[in-house]
Amino acid sequence: MDDKKFARITLDPDFQISTIDNRIYGSFIEHLGRAVYGGIYQPEHPSADAQGFRQDVLDLVREINVPIVRYPGGNFVSNFFWEDSVGPVEERPRRLDLAWRSTEPNLIGVNEFAQWAKLANTDIMMAVNLGTRGIDAACNLLEYCNHPSGSQYADLRVSHGVAEPYKIKTWCLGNEMDGPWQVGHKTAWEYGRLADETAKAMRQIDPEIQLVACGSSNTGMASYPQWEATVLEEAYNSVDYISLHTYYGNRINDTANFLAQSDDMDRFIKTVISTCDFVKAKKRAKKDIMLSFDEWNVWFHSDAADNDTMSNRPWAIAPHLLEDRYNFEDALLVGLMLITLIRHSDRVRMACLAQLVNVIAPIMTEENGPAWRQTIFYPYLHASRYGRGIALNTAQRASRHDTKEFTDVTDVESTAVWNPDTQELTVFAVNRNLDFDITLESDLRGFPGYTLTQHIVLEHEDFKAANSPNSQAVSPKTANDRDEQNGAILNSRLAAASWNVLRLKKA
């Protein structure tokens, strides 16, 4: 223990950031690699139900309690012909997926995914193709999904055995349209005009939907953040959200620097908020544009293998793509990113860990074996399970350090969520100092009668330790012996490089 290392937070029910929208704990399933085929759907698997859905996967999805899942992409959506994915399966065509150079068999489509989502107890965030298609296809898909009957595409859905509309609330207007890798890539002005006109047309069909415009794909884009400003100058009055995407990786094999990358995520969010509010002021608008951080995760482990597969063995069905095997330090960064999202829950109303199964995912499957939990499964599970309620401003103070690419990096990052209905208070904290245990001092004067019930810890002596189908080497444990409460002060020892969940409840 270094006496110069410290962390203090103040917990008070009046220090509220926002009531958290549960959709902040969403995820993502794209027609990419084995996310769908061999992931959620594998008819020949021993656990599969009559529809071909793997029950072992569904059990783990329900364990996390995922509130919303973005579908069907991702880059895939920019060449998605939704009509091919509905109707009798034996009549559906195979198509070349230009995004991932794979073959899409269309065995799972809009209706099958809606059935899976119902079994998973989750809502759908549907994306429309604004790459190779446009307003008409987007409106037709919305009509198919949400209009009751008495029109061409609603009646088509009814003829496919779905009498009641899905009433999908959240819709993405394309995907990463700023990226030159995107099929149908557009300039900011081109996309902003198309998004605005598509949004207006879609609202004629269903005025209750919420619409997400594409923001920058990451902070490294040359057009960032002017992209957001230009798009919103065209579409501000027609949309409700703008998207953010980011992925991080330990490419220089420097763990301390890797764990500081959540600071970049924090700056990304603040910059997009400022840009949205600038356009709001410019337009004299009354509403705020909210943020949908609908792609975020660690992604870098599988790059070389993916490039080889797509370049040298294209057009396979469900090839092994983006199958990152996550280690302990990846779980720490995922925890830090969750803390960042919670802290910004007043404007980040939705977020999607990308993705859910097999593809850069917390859940992995073996074709002839079990589904299992990767290291990143656990912070995601804890946040979704215990992070529902009101996000609190904790007025955190902590010692700091520098890394190769970041300065003034806090040793401890934390946030707190209060659920007044259950009278539970949860603190999420990561000690990202690699060398020293640090005591987190929590001032509980604003919560008289609250005492610690559980201190959950995720830690490991090897940053590169990973889980497998046969071993959960990195898994959480309870460590209540690390806490001491004296009146209104709770002192909790946070081990060097650890994820911590402090659960308190009113006695």
# chains A, B, ... in the order shown; residues from 1 in each chain; ligands from 1
$ select_by_dssp --residues "segment 112-265 of chain A" --states "helix (DSSP H, G or I)" --output "VMD selection string"
chain A and resid 112 to 119 135 to 146 152 to 159 188 to 205 226 to 235 255 to 259 262 to 265
$ write_last_selection --atoms "C-alpha atoms" --output "PDB file, in the first residue's frame"
ATOM      1  CA  GLU A 112     -36.913 -15.552 -36.873  1.00  0.00           C
ATOM      2  CA  PHE A 113     -34.813 -12.950 -35.093  1.00  0.00           C
ATOM      3  CA  ALA A 114     -37.945 -11.396 -33.602  1.00  0.00           C
ATOM      4  CA  GLN A 115     -38.879 -14.856 -32.284  1.00  0.00           C
ATOM      5  CA  TRP A 116     -35.413 -15.239 -30.775  1.00  0.00           C
ATOM      6  CA  ALA A 117     -35.587 -11.789 -29.187  1.00  0.00           C
ATOM      7  CA  LYS A 118     -38.856 -12.692 -27.522  1.00  0.00           C
ATOM      8  CA  LEU A 119     -37.293 -15.855 -26.096  1.00  0.00           C
ATOM      9  CA  ILE A 135     -36.090   5.655 -48.327  1.00  0.00           C
ATOM     10  CA  ASP A 136     -38.387   3.141 -49.995  1.00  0.00           C
ATOM     11  CA  ALA A 137     -36.733   0.028 -48.571  1.00  0.00           C
ATOM     12  CA  ALA A 138     -36.566   1.596 -45.089  1.00  0.00           C
ATOM     13  CA  CYS A 139     -40.249   2.505 -45.170  1.00  0.00           C
ATOM     14  CA  ASN A 140     -41.249  -0.892 -46.503  1.00  0.00           C
ATOM     15  CA  LEU A 141     -39.386  -2.683 -43.713  1.00  0.00           C
ATOM     16  CA  LEU A 142     -40.961  -0.418 -41.101  1.00  0.00           C
ATOM     17  CA  GLU A 143     -44.400  -1.083 -42.587  1.00  0.00           C
ATOM     18  CA  TYR A 144     -43.704  -4.833 -42.540  1.00  0.00           C
ATOM     19  CA  CYS A 145     -42.665  -4.711 -38.877  1.00  0.00           C
ATOM     20  CA  ASN A 146     -44.961  -2.129 -37.310  1.00  0.00           C
ATOM     21  CA  GLN A 152     -48.940  -4.361 -48.950  1.00  0.00           C
ATOM     22  CA  TYR A 153     -46.072  -5.052 -46.577  1.00  0.00           C
ATOM     23  CA  ALA A 154     -48.115  -5.378 -43.406  1.00  0.00           C
ATOM     24  CA  ASP A 155     -50.290  -7.942 -45.158  1.00  0.00           C
ATOM     25  CA  LEU A 156     -47.134  -9.665 -46.396  1.00  0.00           C
ATOM     26  CA  ARG A 157     -46.090 -10.109 -42.767  1.00  0.00           C
ATOM     27  CA  VAL A 158     -49.530 -11.473 -41.907  1.00  0.00           C
ATOM     28  CA  SER A 159     -49.228 -13.941 -44.795  1.00  0.00           C
ATOM     29  CA  ALA A 188     -21.674  14.004 -44.351  1.00  0.00           C
ATOM     30  CA  TRP A 189     -23.971  16.233 -46.385  1.00  0.00           C
ATOM     31  CA  GLU A 190     -25.167  13.372 -48.588  1.00  0.00           C
ATOM     32  CA  TYR A 191     -25.886  11.192 -45.597  1.00  0.00           C
ATOM     33  CA  GLY A 192     -27.459  13.998 -43.568  1.00  0.00           C
ATOM     34  CA  ARG A 193     -29.911  14.766 -46.377  1.00  0.00           C
ATOM     35  CA  LEU A 194     -30.773  11.072 -46.841  1.00  0.00           C
ATOM     36  CA  ALA A 195     -31.177  10.499 -43.089  1.00  0.00           C
ATOM     37  CA  ASP A 196     -33.456  13.527 -42.791  1.00  0.00           C
ATOM     38  CA  GLU A 197     -35.709  12.510 -45.667  1.00  0.00           C
ATOM     39  CA  THR A 198     -35.795   8.862 -44.569  1.00  0.00           C
ATOM     40  CA  ALA A 199     -36.667   9.866 -41.017  1.00  0.00           C
ATOM     41  CA  LYS A 200     -39.518  12.102 -42.134  1.00  0.00           C
ATOM     42  CA  ALA A 201     -40.961   9.377 -44.347  1.00  0.00           C
ATOM     43  CA  MET A 202     -40.670   6.695 -41.658  1.00  0.00           C
ATOM     44  CA  ARG A 203     -42.448   8.899 -39.126  1.00  0.00           C
ATOM     45  CA  GLN A 204     -45.419   9.131 -41.467  1.00  0.00           C
ATOM     46  CA  ILE A 205     -45.840   5.371 -41.012  1.00  0.00           C
ATOM     47  CA  GLN A 226     -17.405  17.946 -38.292  1.00  0.00           C
ATOM     48  CA  TRP A 227     -19.342  14.889 -39.507  1.00  0.00           C
ATOM     49  CA  GLU A 228     -21.714  15.131 -36.539  1.00  0.00           C
ATOM     50  CA  ALA A 229     -22.188  18.865 -37.043  1.00  0.00           C
ATOM     51  CA  THR A 230     -22.967  18.545 -40.755  1.00  0.00           C
ATOM     52  CA  VAL A 231     -25.311  15.569 -40.342  1.00  0.00           C
ATOM     53  CA  LEU A 232     -27.231  17.254 -37.554  1.00  0.00           C
ATOM     54  CA  GLU A 233     -27.488  20.539 -39.413  1.00  0.00           C
ATOM     55  CA  GLU A 234     -29.469  18.566 -42.001  1.00  0.00           C
ATOM     56  CA  ALA A 235     -31.369  16.109 -39.760  1.00  0.00           C
ATOM     57  CA  THR A 255      -1.337  -2.681 -19.923  1.00  0.00           C
ATOM     58  CA  ALA A 256      -1.258   0.646 -18.069  1.00  0.00           C
ATOM     59  CA  ASN A 257      -1.711   2.560 -21.321  1.00  0.00           C
ATOM     60  CA  PHE A 258      -4.404   0.122 -22.456  1.00  0.00           C
ATOM     61  CA  LEU A 259      -6.470   0.709 -19.302  1.00  0.00           C
ATOM     62  CA  SER A 262     -11.456   4.695 -21.384  1.00  0.00           C
ATOM     63  CA  ASP A 263     -10.344   8.325 -20.978  1.00  0.00           C
ATOM     64  CA  ASP A 264     -10.505   8.591 -24.770  1.00  0.00           C
ATOM     65  CA  MET A 265     -14.057   7.254 -24.639  1.00  0.00           C
TER      66      MET A 265
END
$ select_by_dssp --residues "segment 27-245 of chain A" --states "strand (DSSP E)" --output "PyMOL selection string"
chain A and resi 27-28+68-71+95-97+102-104+123-128+170-173+210-213+241-245
$ closest_residue --among "A:Thr187, A:Asn253, A:Asn237, A:Gln210" --to "Ala222 of chain A" --atoms "only C-alpha atoms"
A:Thr187
$ residues_around --residues "segment 437-443 of chain A" --least-positions-apart "3" --cutoff "7 Å" --atoms "only C-alpha atoms" --output "list in words"
Met1, Lys5, Phe6, Ala7, Arg8, Ile9, Thr10, Leu11, Ala488, Ile489, Leu490, Asn491, Ser492, Arg493, Leu494, Ala495 and Ala496 of chain A
$ residues_around --residues "Asn75 of chain A" --least-positions-apart "3" --cutoff "12 Å" --atoms "only C-alpha atoms" --output "MDAnalysis selection string"
chainID A and resid 29:32 71:72 78:80 97:101 127:132 174:185 217 295
$ write_last_selection --atoms "N, CA, C and O atoms" --output "compact mmCIF listing (two decimals), in the first residue's frame"
# COMPACT_ATOMS: atom_id res chain seq x y z
N ILE A 29 -26.20 -8.09 -32.43
CA ILE A 29 -26.00 -9.32 -33.21
C ILE A 29 -26.08 -8.96 -34.68
O ILE A 29 -27.10 -8.46 -35.17
N GLU A 30 -24.98 -9.20 -35.37
CA GLU A 30 -24.88 -8.91 -36.80
C GLU A 30 -24.76 -10.22 -37.56
O GLU A 30 -24.25 -11.22 -37.04
N HIS A 31 -25.21 -10.22 -38.79
CA HIS A 31 -24.96 -11.37 -39.66
C HIS A 31 -23.49 -11.31 -40.08
O HIS A 31 -23.14 -10.80 -41.14
N LEU A 32 -22.65 -11.83 -39.21
CA LEU A 32 -21.20 -11.72 -39.35
C LEU A 32 -20.59 -12.94 -38.67
O LEU A 32 -20.92 -13.22 -37.51
N TYR A 71 -29.71 -5.02 -34.61
CA TYR A 71 -29.80 -6.06 -35.64
C TYR A 71 -30.21 -5.42 -36.96
O TYR A 71 -30.97 -4.45 -36.94
N PRO A 72 -29.76 -5.92 -38.14
CA PRO A 72 -28.87 -7.05 -38.41
C PRO A 72 -27.43 -6.63 -38.65
O PRO A 72 -26.61 -7.42 -39.08
N SER A 78 -25.57 -2.52 -44.80
CA SER A 78 -25.46 -1.64 -45.96
C SER A 78 -25.59 -2.37 -47.29
O SER A 78 -25.55 -1.74 -48.35
N ASN A 79 -25.73 -3.69 -47.24
CA ASN A 79 -26.04 -4.45 -48.46
C ASN A 79 -27.14 -5.48 -48.15
O ASN A 79 -27.22 -6.52 -48.79
N PHE A 80 -27.98 -5.14 -47.17
CA PHE A 80 -29.02 -6.06 -46.69
C PHE A 80 -30.30 -5.85 -47.48
O PHE A 80 -30.85 -4.74 -47.52
N ASP A 97 -22.47 -11.34 -49.11
CA ASP A 97 -22.34 -10.25 -48.14
C ASP A 97 -21.05 -9.51 -48.47
O ASP A 97 -19.95 -10.01 -48.23
N LEU A 98 -21.19 -8.29 -49.00
CA LEU A 98 -20.03 -7.54 -49.45
C LEU A 98 -19.21 -6.98 -48.30
O LEU A 98 -18.02 -6.65 -48.49
N ALA A 99 -19.82 -6.84 -47.13
CA ALA A 99 -19.09 -6.26 -45.98
C ALA A 99 -18.02 -7.21 -45.47
O ALA A 99 -16.89 -6.81 -45.20
N TRP A 100 -18.39 -8.49 -45.31
CA TRP A 100 -17.50 -9.46 -44.68
C TRP A 100 -17.09 -10.58 -45.64
O TRP A 100 -16.55 -11.57 -45.22
N ARG A 101 -17.40 -10.39 -46.93
CA ARG A 101 -17.02 -11.33 -47.99
C ARG A 101 -17.42 -12.76 -47.62
O ARG A 101 -16.63 -13.70 -47.71
N ALA A 127 -31.87 -1.86 -37.74
CA ALA A 127 -31.14 -0.97 -38.63
C ALA A 127 -31.65 -1.11 -40.06
O ALA A 127 -32.01 -2.21 -40.50
N VAL A 128 -31.68 0.00 -40.79
CA VAL A 128 -32.13 -0.01 -42.18
C VAL A 128 -30.93 0.27 -43.09
O VAL A 128 -29.95 0.90 -42.69
N ASN A 129 -31.02 -0.21 -44.32
CA ASN A 129 -29.95 -0.10 -45.30
C ASN A 129 -30.03 1.26 -46.00
O ASN A 129 -30.89 1.48 -46.84
N LEU A 130 -29.10 2.14 -45.65
CA LEU A 130 -28.98 3.41 -46.36
C LEU A 130 -27.67 3.46 -47.14
O LEU A 130 -27.19 4.53 -47.51
N GLY A 131 -27.10 2.27 -47.40
CA GLY A 131 -25.90 2.17 -48.22
C GLY A 131 -26.26 1.93 -49.66
O GLY A 131 -26.17 2.81 -50.52
N THR A 132 -26.73 0.70 -49.97
CA THR A 132 -27.12 0.37 -51.34
C THR A 132 -28.59 0.64 -51.61
O THR A 132 -29.05 0.53 -52.75
N GLY A 174 -29.06 3.48 -41.05
CA GLY A 174 -27.81 3.07 -41.64
C GLY A 174 -26.75 2.76 -40.60
O GLY A 174 -27.02 2.66 -39.40
N ASN A 175 -25.52 2.62 -41.06
CA ASN A 175 -24.41 2.24 -40.19
C ASN A 175 -23.10 2.82 -40.72
O ASN A 175 -22.78 2.65 -41.91
N GLU A 176 -22.37 3.52 -39.88
CA GLU A 176 -21.01 4.00 -40.17
C GLU A 176 -20.88 4.56 -41.58
O GLU A 176 -19.94 4.23 -42.31
N MET A 177 -21.79 5.44 -41.93
CA MET A 177 -21.78 5.96 -43.30
C MET A 177 -20.62 6.90 -43.56
O MET A 177 -20.37 7.29 -44.71
N ASP A 178 -19.85 7.26 -42.53
CA ASP A 178 -18.65 8.07 -42.72
C ASP A 178 -17.46 7.24 -43.16
O ASP A 178 -16.44 7.78 -43.57
N GLY A 179 -17.56 5.91 -43.09
CA GLY A 179 -16.42 5.03 -43.34
C GLY A 179 -16.27 4.65 -44.79
O GLY A 179 -17.21 4.13 -45.41
N PRO A 180 -15.09 4.85 -45.40
CA PRO A 180 -14.89 4.44 -46.79
C PRO A 180 -14.98 2.93 -46.98
O PRO A 180 -15.10 2.47 -48.12
N TRP A 181 -14.92 2.15 -45.90
CA TRP A 181 -15.10 0.70 -45.99
C TRP A 181 -16.58 0.33 -46.15
O TRP A 181 -16.90 -0.81 -46.48
N GLN A 182 -17.47 1.28 -45.93
CA GLN A 182 -18.90 1.00 -45.94
C GLN A 182 -19.43 0.96 -47.36
O GLN A 182 -19.16 1.86 -48.16
N VAL A 183 -20.18 -0.11 -47.70
CA VAL A 183 -20.82 -0.16 -49.00
C VAL A 183 -21.84 0.98 -49.06
O VAL A 183 -22.74 1.08 -48.23
N GLY A 184 -21.68 1.85 -50.04
CA GLY A 184 -22.55 3.01 -50.14
C GLY A 184 -22.10 4.19 -49.31
O GLY A 184 -22.90 5.08 -48.99
N HIS A 185 -20.81 4.24 -48.95
CA HIS A 185 -20.24 5.35 -48.18
C HIS A 185 -20.65 6.70 -48.78
O HIS A 185 -20.70 6.87 -49.99
N SER A 217 -17.48 6.98 -36.87
CA SER A 217 -17.16 5.60 -36.56
C SER A 217 -16.13 5.48 -35.45
O SER A 217 -16.07 4.47 -34.76
N GLU A 295 -21.99 0.77 -30.63
CA GLU A 295 -20.91 -0.22 -30.82
C GLU A 295 -19.76 0.19 -29.92
O GLU A 295 -19.21 1.29 -30.07
$ closest_residue --among "A:Asn419, A:Thr309, A:Gln55, A:Thr170" --to "Thr19 of chain A" --atoms "only C-alpha atoms"
A:Asn419
$ atom_distance --atom1 "atom CA of Ile20 of chain A" --atom2 "atom CA of Arg349 of chain A"
7.2 Å
$ residues_around --residues "segment 464-479 of chain A" --least-positions-apart "5" --cutoff "9 Å" --atoms "only C-alpha atoms" --output "PyMOL selection string"
chain A and resi 325-330+364-366+369-375+378+454-459+499
$ write_last_selection --atoms "N, CA, C and O atoms" --output "mmCIF file, in the first residue's frame"
data_model
loop_
_atom_site.group_PDB
_atom_site.id
_atom_site.type_symbol
_atom_site.label_atom_id
_atom_site.label_comp_id
_atom_site.auth_asym_id
_atom_site.auth_seq_id
_atom_site.Cartn_x
_atom_site.Cartn_y
_atom_site.Cartn_z
ATOM 1 N N ARG A 325 -10.431 -13.814 -28.352
ATOM 2 C CA ARG A 325 -10.436 -14.527 -27.078
ATOM 3 C C ARG A 325 -9.928 -13.549 -26.021
ATOM 4 O O ARG A 325 -8.755 -13.169 -26.012
ATOM 5 N N TYR A 326 -10.819 -13.141 -25.152
ATOM 6 C CA TYR A 326 -10.531 -12.058 -24.230
ATOM 7 C C TYR A 326 -9.782 -12.538 -22.992
ATOM 8 O O TYR A 326 -10.002 -13.652 -22.502
ATOM 9 N N ASN A 327 -8.922 -11.662 -22.483
ATOM 10 C CA ASN A 327 -8.149 -11.972 -21.289
ATOM 11 C C ASN A 327 -8.561 -11.067 -20.133
ATOM 12 O O ASN A 327 -9.523 -10.288 -20.243
ATOM 13 N N PHE A 328 -7.822 -11.168 -19.044
ATOM 14 C CA PHE A 328 -8.195 -10.437 -17.840
ATOM 15 C C PHE A 328 -8.129 -8.927 -18.032
ATOM 16 O O PHE A 328 -9.038 -8.197 -17.624
ATOM 17 N N GLU A 329 -7.068 -8.424 -18.682
ATOM 18 C CA GLU A 329 -6.965 -6.974 -18.840
ATOM 19 C C GLU A 329 -8.082 -6.436 -19.740
ATOM 20 O O GLU A 329 -8.529 -5.295 -19.561
ATOM 21 N N ASP A 330 -8.557 -7.242 -20.686
ATOM 22 C CA ASP A 330 -9.696 -6.824 -21.508
ATOM 23 C C ASP A 330 -10.939 -6.611 -20.644
ATOM 24 O O ASP A 330 -11.703 -5.664 -20.853
ATOM 25 N N MET A 364 -19.213 -17.262 -25.954
ATOM 26 C CA MET A 364 -18.644 -18.048 -27.048
ATOM 27 C C MET A 364 -19.318 -19.413 -27.095
ATOM 28 O O MET A 364 -19.827 -19.899 -26.075
ATOM 29 N N THR A 365 -19.302 -20.006 -28.265
ATOM 30 C CA THR A 365 -19.871 -21.343 -28.407
ATOM 31 C C THR A 365 -18.887 -22.272 -29.102
ATOM 32 O O THR A 365 -18.079 -21.845 -29.934
ATOM 33 N N GLU A 366 -19.000 -23.548 -28.760
ATOM 34 C CA GLU A 366 -18.340 -24.611 -29.506
ATOM 35 C C GLU A 366 -19.413 -25.272 -30.384
ATOM 36 O O GLU A 366 -20.528 -25.523 -29.927
ATOM 37 N N GLY A 369 -20.154 -28.419 -28.734
ATOM 38 C CA GLY A 369 -19.939 -28.382 -27.297
ATOM 39 C C GLY A 369 -20.734 -27.274 -26.638
ATOM 40 O O GLY A 369 -21.774 -26.841 -27.155
ATOM 41 N N PRO A 370 -20.231 -26.762 -25.526
ATOM 42 C CA PRO A 370 -21.011 -25.819 -24.723
ATOM 43 C C PRO A 370 -20.888 -24.379 -25.191
ATOM 44 O O PRO A 370 -20.040 -24.028 -26.010
ATOM 45 N N ALA A 371 -21.756 -23.547 -24.637
ATOM 46 C CA ALA A 371 -21.579 -22.095 -24.667
ATOM 47 C C ALA A 371 -20.887 -21.715 -23.361
ATOM 48 O O ALA A 371 -21.130 -22.330 -22.323
ATOM 49 N N TRP A 372 -20.019 -20.723 -23.415
ATOM 50 C CA TRP A 372 -19.250 -20.391 -22.214
ATOM 51 C C TRP A 372 -18.989 -18.893 -22.110
ATOM 52 O O TRP A 372 -19.154 -18.140 -23.070
ATOM 53 N N ARG A 373 -18.589 -18.471 -20.929
ATOM 54 C CA ARG A 373 -18.431 -17.063 -20.591
ATOM 55 C C ARG A 373 -16.975 -16.629 -20.776
ATOM 56 O O ARG A 373 -16.075 -17.184 -20.155
ATOM 57 N N GLN A 374 -16.774 -15.603 -21.598
ATOM 58 C CA GLN A 374 -15.454 -14.980 -21.688
ATOM 59 C C GLN A 374 -15.241 -14.060 -20.480
ATOM 60 O O GLN A 374 -16.169 -13.757 -19.721
ATOM 61 N N THR A 375 -14.009 -13.565 -20.340
ATOM 62 C CA THR A 375 -13.701 -12.711 -19.181
ATOM 63 C C THR A 375 -14.574 -11.463 -19.153
ATOM 64 O O THR A 375 -14.991 -11.014 -18.085
ATOM 65 N N TYR A 378 -18.274 -10.869 -17.298
ATOM 66 C CA TYR A 378 -18.580 -10.582 -15.897
ATOM 67 C C TYR A 378 -18.826 -9.116 -15.575
ATOM 68 O O TYR A 378 -19.840 -8.792 -14.935
ATOM 69 N N GLN A 454 -22.193 -7.060 -0.053
ATOM 70 C CA GLN A 454 -21.324 -7.910 -0.878
ATOM 71 C C GLN A 454 -20.280 -7.063 -1.578
ATOM 72 O O GLN A 454 -20.580 -5.997 -2.105
ATOM 73 N N HIS A 455 -19.054 -7.537 -1.575
ATOM 74 C CA HIS A 455 -17.969 -6.936 -2.351
ATOM 75 C C HIS A 455 -17.512 -7.983 -3.360
ATOM 76 O O HIS A 455 -16.865 -8.967 -3.003
ATOM 77 N N ILE A 456 -17.901 -7.769 -4.625
ATOM 78 C CA ILE A 456 -17.536 -8.687 -5.703
ATOM 79 C C ILE A 456 -16.229 -8.203 -6.332
ATOM 80 O O ILE A 456 -16.053 -7.004 -6.592
ATOM 81 N N VAL A 457 -15.327 -9.136 -6.580
ATOM 82 C CA VAL A 457 -14.016 -8.797 -7.138
ATOM 83 C C VAL A 457 -13.722 -9.678 -8.353
ATOM 84 O O VAL A 457 -14.003 -10.883 -8.340
ATOM 85 N N LEU A 458 -13.160 -9.061 -9.398
ATOM 86 C CA LEU A 458 -12.588 -9.799 -10.523
ATOM 87 C C LEU A 458 -11.115 -9.412 -10.578
ATOM 88 O O LEU A 458 -10.775 -8.241 -10.791
ATOM 89 N N GLU A 459 -10.236 -10.392 -10.368
ATOM 90 C CA GLU A 459 -8.811 -10.120 -10.329
ATOM 91 C C GLU A 459 -8.054 -11.368 -10.772
ATOM 92 O O GLU A 459 -8.586 -12.488 -10.736
ATOM 93 N N TRP A 499 -11.396 -5.260 -10.835
ATOM 94 C CA TRP A 499 -12.788 -4.792 -11.006
ATOM 95 C C TRP A 499 -13.522 -5.097 -9.714
ATOM 96 O O TRP A 499 -13.419 -6.209 -9.178
#
